[in-house]
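Enquirer: Below is the structure I would like to discuss, written out as structure tokens.
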Amino acid sequence: LKRGEDLDDPTAKRAAYEEGLALAEKAVGLDDDNPDAHFAVFGNKGRILLLDGTVPNPISLLSVNRDLERTLQLNPKHSDALAAKGGLYRQLPWTLGGSLALAEECLSKAIDLDPNAVGARIELAATYRDLGKPERCRPLLEKAAEIAEHQGKVRELHEARALLQQVP
């Protein structure tokens, strides 16, 4: 999953995500009680759907969401899963379960659990923007950019900086 996210070439990304998915599914098969394995299945499946440009529909969401829910069932404090769930709540239309209030709740919890959660900070800033609270965005994005730069997370650094340019 991480390797795919760091690549620019769509073909190489797909290959990395497919390899990650195969490994994650094997890990789940060996230990169905491993929350990280379920999260890896969720993450790789989701990234493949995004690469395909698949429009979210109830069937594809149920398929991907199953492993996210299993992750949180096994570990309710899995910060990456909480951040992903918050991102889904923010990005989905309300007809498919989207909710900015639930997004804010999940993303805030993810940051509380992992102070270095870069992606959760970026998603929470976007949630505040969508809620009409742009004044809450800048501190989150500045911290996200600082952490991303320190950790060498180039994609997240660019994302935080791009969103910073959109907020007052």
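Each chain in the structure tokens gets a letter, A, B and so on, in the order shown; residues start at 1 in every chain, and ligands are counted from 1 in the order they appear.
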List as CSV every residue of segment 140-161 of chain A that is in contact with segment 107-119 of chain A, defined as an atom at most 10 Å from one of its atoms (using only C-alpha atoms), together with the nearest atom pair and the distance in Å rounded to one decimal, sorted by chain and then rising number.
Expert:
```
residue,atom,partner,partner_atom,distance
A:Leu140,CA,A:Val118,CA,9.0
A:Leu141,CA,A:Val118,CA,8.7
A:Lys143,CA,A:Val118,CA,8.1
A:Ala144,CA,A:Val118,CA,4.9
A:Ala145,CA,A:Val118,CA,7.7
A:Glu146,CA,A:Val118,CA,9.1
A:Ile147,CA,A:Asn116,CA,6.5
A:Ala148,CA,A:Val118,CA,6.4
A:Gln151,CA,A:Asn116,CA,9.3
A:Lys153,CA,A:Val118,CA,8.8
A:Glu156,CA,A:Gly119,CA,6.8
A:Leu157,CA,A:Val118,CA,8.7
A:Glu159,CA,A:Gly119,CA,9.2
A:Ala160,CA,A:Val118,CA,8.7
```
Enquirer: Hey, what's within 10 Å of Glu135 of chain A if we count only C-alpha atoms and toss same-chain stuff fewer than 3 positions away? As JSON, numbers by chain, please?
Expert: {"A": [125, 128, 129, 132, 138, 139, 140, 167, 168]}
Enquirer: Which polymer residues have any atom within 12 Å of an atom of segment 13-15 of chain A, counting only C-alpha atoms, with same-chain residues fewer than 2 positions away left out, as a list of chain:residue names?
Expert: A:Leu1, A:Lys2, A:Arg3, A:Gly4, A:Glu5, A:Asp6, A:Leu7, A:Asp8, A:Asp9, A:Pro10, A:Thr11, A:Tyr17, A:Glu18, A:Glu19, A:Gly20, A:Leu21, A:Ala22, A:Asn44, A:Lys45, A:Gly46, A:Arg47, A:Ile48, A:Leu49, A:Leu50, A:Leu51, A:Asp52
Enquirer: Pick out the residues sitting within 6 Å of segment 69-86 of chain A, and hand them over as number ranges by chain; count only C-alpha atoms, and ignore anything fewer than 6 positions along from it in its own chain.
Expert: A: 35, 38-39, 103, 106-107, 110, 120
Enquirer: How would you write, as a PyMOL selection string, the set of residues in segment 5-119 of chain A that DSSP gives as helix (DSSP H, G or I)?
Expert: chain A and resi 5+10-30+35-52+58-74+79-91+94-96+100-113+118-119
Enquirer: What's the separation between atom CA of Glu123 of chain A and atom CA of Glu104 of chain A, in Å to one decimal place?
Expert: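 That distance, rounded to one decimal, is 8.8 Å.
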Enquirer: Please compute the atom CA of Ile122 of chain A-atom CA of Asp67 of chain A distance, one decimal, in Å.
Expert: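 One can read the atom CA of Ile122 of chain A to atom CA of Asp67 of chain A distance as 23.0 Å.
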Enquirer: Point out the residue among A:Gly53, A:Leu124, A:Asp32, A:Asn65 with the least atom-to-atom distance to Gly87 of chain A, counting only C-alpha atoms.
Expert: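 For Gly87 of chain A, the nearest of the given residues is A:Leu124.
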Enquirer: Go through A:Ala12, A:Pro93, A:Leu62, A:Leu163 one by one, measure the shortest atom-to-atom distance of each to Arg121 of chain A using only C-alpha atoms, and give the residue with the smallest value.
Expert: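 Of A:Ala12, A:Pro93, A:Leu62, A:Leu163, the one nearest Arg121 of chain A, counting only C-alpha atoms, is A:Leu163.
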